[in-house]
file start.txt (compact mmCIF, C-alpha atoms)
# COMPACT_ATOMS: atom_id res chain seq x y z
CA MET J 1 93.68 40.89 85.53
CA ASP J 2 92.81 43.81 87.80
CA GLY J 3 89.81 46.11 88.16
CA MET J 4 91.18 48.55 85.57
CA GLN J 5 91.40 45.84 82.90
CA ILE J 6 87.97 44.44 83.76
CA ARG J 7 86.35 47.87 83.45
CA LEU J 8 88.14 48.65 80.19
CA ARG J 9 86.82 45.38 78.77
CA ARG J 10 83.29 46.69 79.35
CA ILE J 11 84.17 49.86 77.44
CA PHE J 12 86.17 48.42 74.52
CA ARG J 13 84.83 45.60 72.40
CA ARG J 14 87.21 42.68 72.63
CA GLU J 15 87.00 41.61 68.98
CA SER J 16 88.07 44.97 67.53
CA GLY J 17 89.77 46.61 70.49
CA ARG J 18 87.70 49.74 69.75
CA SER J 19 84.71 51.45 71.29
CA LEU J 20 81.56 53.25 70.21
CA ILE J 21 80.75 55.52 73.14
CA MET J 22 77.53 57.52 73.02
CA ALA J 23 77.79 60.92 74.72
CA VAL J 24 74.58 62.28 76.23
CA ASP J 25 76.10 64.67 78.78
CA HIS J 26 75.50 67.85 76.77
CA GLY J 27 72.45 69.01 78.74
CA MET J 28 74.51 69.88 81.81
CA ALA J 29 75.87 72.93 79.98
CA LEU J 30 73.68 73.40 76.91
CA GLY J 31 70.21 72.46 78.17
CA PRO J 32 67.60 70.41 76.27
CA LEU J 33 69.18 70.29 72.81
CA THR J 34 67.32 68.92 69.81
CA GLY J 35 67.71 65.16 70.08
CA LEU J 36 67.99 65.27 73.86
CA VAL J 37 64.74 66.98 74.82
CA ASP J 38 63.33 63.62 75.84
CA ILE J 39 66.66 62.13 76.86
CA LYS J 40 65.08 58.97 78.24
CA ASP J 41 63.53 58.21 74.84
CA THR J 42 66.78 58.96 72.99
CA ILE J 43 68.75 56.62 75.22
CA SER J 44 66.10 53.91 74.91
CA ARG J 45 66.01 54.09 71.10
CA LEU J 46 69.78 53.96 70.64
CA ASP J 47 70.23 51.34 73.35
CA ALA J 48 67.70 49.11 71.57
CA THR J 49 70.07 48.81 68.59
CA GLY J 50 72.57 46.91 70.77
CA MET J 51 75.40 48.80 69.08
CA VAL J 52 76.46 51.23 71.81
CA ASP J 53 79.47 49.90 73.72
CA ALA J 54 79.39 52.52 76.49
CA TRP J 55 77.59 55.70 77.52
CA LEU J 56 79.05 59.00 78.71
CA LEU J 57 76.46 60.61 80.97
CA THR J 58 75.92 62.72 84.06
CA LYS J 59 74.71 61.44 87.42
CA GLY J 60 71.35 63.14 86.92
CA THR J 61 70.76 61.30 83.67
CA PHE J 62 72.00 58.08 85.22
CA HIS J 63 69.44 58.33 88.03
CA TYR J 64 66.41 59.53 86.07
CA ALA J 65 66.75 58.51 82.42
CA PHE J 66 69.14 55.56 82.09
CA ASN J 67 67.56 52.12 81.95
CA PRO J 68 69.50 50.01 79.43
CA ARG J 69 68.32 46.55 78.44
CA GLY J 70 71.75 44.94 78.86
CA CYS J 71 74.93 45.93 80.64
CA PRO J 72 76.73 48.48 78.47
CA GLY J 73 79.76 50.33 79.78
CA VAL J 74 79.12 53.53 81.72
CA ILE J 75 81.45 56.51 81.99
CA LEU J 76 80.24 59.00 84.58
CA ARG J 77 80.93 62.68 83.96
CA ILE J 78 82.23 64.18 87.24
CA SER J 79 83.25 67.65 86.08
CA GLY J 80 80.97 70.54 85.21
CA GLY J 81 79.45 73.48 87.02
CA ALA J 82 79.20 75.93 84.09
CA THR J 83 76.55 76.59 81.45
CA ILE J 84 76.39 78.44 78.18
CA ALA J 85 74.43 81.20 79.96
CA GLY J 86 77.28 81.88 82.38
CA PRO J 87 80.37 84.06 81.95
CA GLU J 88 82.79 81.27 81.02
CA LEU J 89 81.88 77.76 79.87
CA THR J 90 85.43 76.51 80.50
CA ARG J 91 85.26 77.27 84.22
CA GLU J 92 84.53 73.68 85.21
CA GLY J 93 85.01 72.21 88.64
CA LEU J 94 84.56 68.73 90.05
CA THR J 95 80.89 67.84 90.49
CA GLY J 96 81.32 64.23 91.55
CA THR J 97 83.85 61.75 92.91
CA VAL J 98 85.39 58.46 91.92
CA GLU J 99 83.68 56.83 94.89
CA GLU J 100 80.34 58.10 93.62
CA GLY J 101 81.05 56.48 90.28
CA LEU J 102 81.92 53.21 91.98
CA ALA J 103 78.72 53.31 94.00
CA LEU J 104 76.71 53.75 90.79
CA GLY J 105 78.51 50.87 89.11
CA ALA J 106 80.29 53.05 86.55
CA ASP J 107 83.17 51.60 84.52
CA GLY J 108 84.99 54.93 84.23
CA VAL J 109 84.79 58.63 85.06
CA ALA J 110 85.32 61.65 82.82
CA VAL J 111 86.88 65.04 83.60
CA SER J 112 87.38 67.96 81.22
CA ALA J 113 90.59 69.91 80.68
CA PHE J 114 90.42 73.11 78.62
CA ILE J 115 93.76 73.63 76.93
CA GLY J 116 94.74 77.22 76.18
CA SER J 117 91.70 78.61 78.01
CA PRO J 118 91.72 80.96 81.02
CA TYR J 119 90.98 77.91 83.18
CA GLU J 120 93.61 75.58 81.74
CA HIS J 121 95.49 75.37 85.06
CA GLU J 122 92.44 74.66 87.21
CA THR J 123 91.00 72.02 84.90
CA LEU J 124 94.30 70.21 84.43
CA VAL J 125 94.89 70.17 88.19
CA ASN J 126 91.39 68.73 88.67
CA LEU J 127 92.13 66.04 86.09
CA ALA J 128 95.41 65.15 87.81
CA ARG J 129 93.74 65.00 91.23
CA VAL J 130 91.04 62.64 89.96
CA ALA J 131 93.69 60.53 88.22
CA GLY J 132 95.26 59.84 91.61
CA GLU J 133 91.91 58.76 93.03
CA CYS J 134 91.27 56.57 89.98
CA ARG J 135 94.60 54.78 90.47
CA ARG J 136 93.58 53.96 94.03
CA TRP J 137 90.40 52.23 92.84
CA ASN J 138 91.55 50.91 89.42
CA MET J 139 88.97 53.13 87.75
CA PRO J 140 89.65 54.31 84.16
CA LEU J 141 89.75 58.08 83.65
CA LEU J 142 88.60 59.67 80.39
CA GLY J 143 90.26 63.03 79.85
CA VAL J 144 87.89 65.22 77.82
CA VAL J 145 90.02 67.77 76.00
CA GLY J 146 88.32 71.09 75.25
CA VAL J 147 89.75 74.28 73.76
CA GLY J 148 87.28 77.01 74.71
CA LYS J 149 85.94 79.77 72.48
CA ILE J 150 89.20 81.69 72.26
CA ASN J 151 90.89 78.70 70.61
CA GLU J 152 87.98 77.59 68.44
CA ASP J 153 90.06 78.11 65.29
CA LYS J 154 92.69 75.64 66.56
CA LYS J 155 90.44 72.58 66.48
CA GLN J 156 91.93 71.68 63.09
CA ASP J 157 95.52 72.39 64.13
CA PRO J 158 97.10 68.96 64.71
CA ARG J 159 99.96 70.43 66.74
CA PHE J 160 97.57 72.11 69.15
CA ILE J 161 95.32 69.05 69.40
CA ALA J 162 98.38 66.84 69.94
CA LEU J 163 99.44 69.15 72.77
CA GLY J 164 96.06 68.80 74.47
CA ALA J 165 95.94 65.02 74.10
CA ARG J 166 99.46 64.61 75.44
CA ALA J 167 98.80 67.00 78.33
CA ALA J 168 95.72 65.03 79.37
CA ALA J 169 97.68 61.76 79.31
CA GLU J 170 100.62 63.28 81.18
CA HIS J 171 98.24 64.46 83.91
CA GLY J 172 96.94 60.93 84.36
CA ALA J 173 94.12 60.24 81.86
CA ASP J 174 93.84 56.59 80.80
CA LEU J 175 91.80 57.50 77.70
CA VAL J 176 91.61 60.81 75.83
CA LYS J 177 88.64 62.30 74.01
CA THR J 178 89.72 65.02 71.61
CA TYR J 179 88.95 66.60 68.24
CA TYR J 180 89.59 64.95 64.91
CA THR J 181 91.88 66.85 62.55
CA GLU J 182 91.62 66.11 58.85
CA ARG J 183 95.37 66.67 58.50
CA ASP J 184 98.01 64.69 60.42
CA PHE J 185 95.62 63.05 62.87
CA ASP J 186 97.96 60.06 62.96
CA ARG J 187 100.53 62.36 64.57
CA VAL J 188 98.05 63.30 67.28
CA VAL J 189 97.61 59.59 68.05
CA ALA J 190 101.33 58.84 67.82
CA GLY J 191 102.12 61.54 70.37
CA CYS J 192 99.63 60.28 72.95
CA PRO J 193 100.61 57.22 75.03
CA VAL J 194 96.99 56.28 75.86
CA PRO J 195 94.04 55.41 73.56
CA VAL J 196 92.59 58.38 71.67
CA LEU J 197 88.88 58.62 70.87
CA ILE J 198 87.39 61.43 68.83
CA ALA J 199 84.64 63.83 69.81
CA GLY J 200 81.91 64.63 67.36
CA GLY J 201 82.38 68.36 67.76
CA PRO J 202 79.84 70.65 66.03
CA LYS J 203 77.05 69.00 64.05
CA CYS J 204 78.24 67.83 60.64
CA GLU J 205 76.25 69.06 57.65
CA THR J 206 75.35 65.56 56.46
CA ASP J 207 75.46 61.96 57.69
CA LEU J 208 78.05 61.28 54.98
CA ASP J 209 80.31 63.91 56.54
CA THR J 210 79.97 62.11 59.87
CA LEU J 211 80.96 58.81 58.27
CA LYS J 212 83.98 60.41 56.61
CA MET J 213 85.10 61.87 59.93
CA VAL J 214 84.77 58.57 61.79
CA HIS J 215 86.53 56.65 59.02
CA GLY J 216 89.38 59.16 58.88
CA ALA J 217 89.84 58.94 62.63
CA ILE J 218 89.93 55.12 62.64
CA GLN J 219 92.40 55.12 59.75
CA GLY J 220 94.51 57.59 61.72
CA GLY J 221 94.70 55.28 64.71
CA ALA J 222 91.78 56.36 66.91
CA ARG J 223 90.40 53.62 69.15
CA GLY J 224 86.83 54.78 68.58
CA ILE J 225 84.49 57.68 69.19
CA VAL J 226 82.80 59.52 72.04
CA MET J 227 80.10 61.13 69.95
CA GLY J 228 76.71 62.67 70.57
CA ARG J 229 74.91 65.23 68.45
CA ASN J 230 76.23 63.98 65.12
CA ILE J 231 74.28 60.79 65.80
CA TRP J 232 71.24 61.70 67.89
CA GLN J 233 70.59 64.89 65.88
CA SER J 234 70.66 62.94 62.62
CA PRO J 235 67.30 62.50 60.86
CA HIS J 236 68.02 58.75 61.02
CA PRO J 237 70.02 58.17 64.22
CA GLU J 238 69.58 54.39 64.41
CA ALA J 239 70.61 53.91 60.77
CA LEU J 240 73.60 56.21 61.17
CA LEU J 241 74.61 54.37 64.32
CA ALA J 242 74.66 51.09 62.37
CA ALA J 243 76.90 52.62 59.70
CA VAL J 244 79.27 54.13 62.28
CA GLU J 245 79.41 50.81 64.12
CA GLY J 246 80.40 49.14 60.86
CA ILE J 247 83.34 51.50 60.39
CA ILE J 248 84.55 51.15 63.97
CA HIS J 249 84.16 47.43 64.51
CA ARG J 250 84.14 45.92 61.01
CA ASP J 251 86.51 48.27 59.17
CA LEU J 252 83.95 49.28 56.57
CA GLY J 253 85.02 51.90 54.07
CA VAL J 254 83.08 55.14 53.68
CA ASN J 255 81.17 53.91 50.61
CA GLU J 256 80.29 50.60 52.26
CA ALA J 257 79.13 52.39 55.41
CA PHE J 258 77.04 54.83 53.36
CA GLU J 259 75.37 51.93 51.54
CA LEU J 260 74.60 50.33 54.90
CA LEU J 261 73.14 53.65 56.08
CA GLN J 262 70.80 53.75 53.08
CA GLU J 263 69.72 50.15 53.64
CA CYS J 264 69.01 50.72 57.32
CA LYS J 265 67.03 53.87 56.58
CA LYS J 266 64.62 51.78 54.50
CA ILE J 267 64.19 49.28 57.35
CA ARG J 268 63.86 51.81 60.15
call {"tool": "encode", "arguments": {"input": "start.txt", "output": "structure tokens"}}
result
Amino acid sequence: MDGMQIRLRRIFRRESGRSLIMAVDHGMALGPLTGLVDIKDTISRLDATGMVDAWLLTKGTFHYAFNPRGCPGVILRISGGATIAGPELTREGLTGTVEEGLALGADGVAVSAFIGSPYEHETLVNLARVAGECRRWNMPLLGVVGVGKINEDKKQDPRFIALGARAAAEHGADLVKTYYTERDFDRVVAGCPVPVLIAGGPKCETDLDTLKMVHGAIQGGARGIVMGRNIWQSPHPEALLAAVEGIIHRDLGVNEAFELLQECKKIR
């Protein structure tokens, strides 16, 4: 066993081989969103459930708001440098290093690649460069696949999403975070040689919609989720987290997970 395998074991739960990764890195580009205004409180509440396998966060959040009770996995976001107020949200550069992640005790690092955007080349080159550094240190690399505003309509195109997932893997990502497509998601997974995890994307209309998305992804071969707002913007985030955890790690069906959600809402 090497350092890569040891770190991946802290990200993926051994019993199921899947992972529930909570993303709280949104503020770097979108500011204090609802659910993340008091990010320290949000992390504390969700961490207290004991259901989060790993966290995707920025170095600022790590230093000032991250104080978990146990030892969950940590994936450090090391790309960024653009906000929604700027001219182009896809113009990301590297904002951290693999060595910085190692110094913080992270189990992985994350870099975005924006497929089909004006900055596709730059972001893919950044991902490939970091992949080389990760190989040197046996550090897992999560490739975060984005599409940018000009390709917003292609988020449900399985061929386009499969292209992005494969491109991220070909450039060196060990794990890929991408969008779930209701149609042919199994083909997206089949065409990617590394584990695929789904992003939450825009906020779902209801918690039931979130459960259907997670269940569909798991049935299609996803190894878990890297999800944020669809959980911490829910009216009942802890209860929803329990239901999602049931789908990912205990293979609950949508109806079973929804019943668990209702039960947990009464308790919490």
call {"tool": "closest_residue", "arguments": {"input": "start.txt", "among": "J:Val24, J:Ala82, J:Leu142, J:Leu241", "to": "J:Phe62", "atoms": "all atoms listed in the file"}}
result
J:Val24
call {"tool": "residues_around", "arguments": {"input": "start.txt", "residues": "J:Cys204", "least_positions_apart": "6", "cutoff": "10 Å", "atoms": "only C-alpha atoms", "output": "list in words"}}
result
Thr210, Leu211, Met213, Arg229, Asn230, Ile231, Gln233 and Ser234 of chain J
call {"tool": "closest_residue", "arguments": {"input": "start.txt", "among": "J:Asp186, J:Glu170, J:Asp38, J:Glu245", "to": "J:Val125", "atoms": "all atoms listed in the file"}}
result
J:Glu170
call {"tool": "atom_distance", "arguments": {"input": "start.txt", "atom1": "atom CA of J:Val254", "atom2": "atom CA of J:Tyr179"}}
result
19.4 Å
call {"tool": "closest_residue", "arguments": {"input": "start.txt", "among": "J:His249, J:His171, J:Arg91, J:Arg166", "to": "J:Arg129", "atoms": "all atoms listed in the file"}}
result
J:His171
call {"tool": "atom_distance", "arguments": {"input": "start.txt", "atom1": "atom CA of J:Arg223", "atom2": "atom CA of J:Met22"}}
result
14.0 Å
call {"tool": "atom_distance", "arguments": {"input": "start.txt", "atom1": "atom CA of J:Pro158", "atom2": "atom CA of J:Ser112"}}
result
19.2 Å
call {"tool": "residues_near_point", "arguments": {"input": "start.txt", "point": "(78.4, 73.9, 86.7)", "cutoff": "10 Å", "atoms": "all atoms listed in the file", "output": "list of chain:residue names"}}
result
J:Met28, J:Ala29, J:Ser79, J:Gly80, J:Gly81, J:Ala82, J:Thr83, J:Ile84, J:Gly86, J:Leu89, J:Thr90, J:Arg91, J:Glu92, J:Gly93, J:Leu94, J:Thr95
call {"tool": "residues_near_point", "arguments": {"input": "start.txt", "point": "(65.6, 47.1, 80.5)", "cutoff": "10 Å", "atoms": "all atoms listed in the file", "output": "MDAnalysis selection string"}}
result
chainID J and resid 44 47:48 66:71
call {"tool": "write_last_selection", "arguments": {"input": "start.txt", "atoms": "C-alpha atoms", "output": "mmCIF file, keeping the file's coordinate frame"}}
result
data_model
loop_
_atom_site.group_PDB
_atom_site.id
_atom_site.type_symbol
_atom_site.label_atom_id
_atom_site.label_comp_id
_atom_site.auth_asym_id
_atom_site.auth_seq_id
_atom_site.Cartn_x
_atom_site.Cartn_y
_atom_site.Cartn_z
ATOM 1 C CA SER J 44 66.100 53.910 74.910
ATOM 2 C CA ASP J 47 70.230 51.340 73.350
ATOM 3 C CA ALA J 48 67.700 49.110 71.570
ATOM 4 C CA PHE J 66 69.140 55.560 82.090
ATOM 5 C CA ASN J 67 67.560 52.120 81.950
ATOM 6 C CA PRO J 68 69.500 50.010 79.430
ATOM 7 C CA ARG J 69 68.320 46.550 78.440
ATOM 8 C CA GLY J 70 71.750 44.940 78.860
ATOM 9 C CA CYS J 71 74.930 45.930 80.640
#
call {"tool": "residues_around", "arguments": {"input": "start.txt", "residues": "J:Ile218", "least_positions_apart": "5", "cutoff": "8 Å", "atoms": "all atoms listed in the file", "output": "list in words"}}
result
Arg223, Gly224, Ile247 and Ile248 of chain J
call {"tool": "closest_residue", "arguments": {"input": "start.txt", "among": "J:Ala65, J:Leu57, J:Ala162, J:Ile267", "to": "J:Asp41", "atoms": "only C-alpha atoms"}}
result
J:Ala65
call {"tool": "residues_around", "arguments": {"input": "start.txt", "residues": "J:Met227", "least_positions_apart": "4", "cutoff": "6 Å", "atoms": "only C-alpha atoms", "output": "list in words"}}
result
Met22, Ala23, Ala199 and Gly200 of chain J
call {"tool": "residues_around", "arguments": {"input": "start.txt", "residues": "J:Val37", "least_positions_apart": "5", "cutoff": "12 Å", "atoms": "all atoms listed in the file", "output": "MDAnalysis selection string"}}
result
chainID J and resid 24 26:27 30:32 42:43 65 232:233
call {"tool": "closest_residue", "arguments": {"input": "start.txt", "among": "J:His236, J:Arg187, J:His215, J:Arg10", "to": "J:Gly35", "atoms": "only C-alpha atoms"}}
result
J:His236
call {"tool": "closest_residue", "arguments": {"input": "start.txt", "among": "J:Thr49, J:Val196, J:Val188, J:Met4", "to": "J:Gly108", "atoms": "all atoms listed in the file"}}
result
J:Met4
call {"tool": "residues_around", "arguments": {"input": "start.txt", "residues": "stretch 144-156 of chain J", "least_positions_apart": "5", "cutoff": "10 Å", "atoms": "only C-alpha atoms", "output": "number ranges by chain"}}
result
J: 77, 79, 88-91, 110-120, 123-124, 127, 161, 164-168, 173, 175-185, 197-199, 201, 226
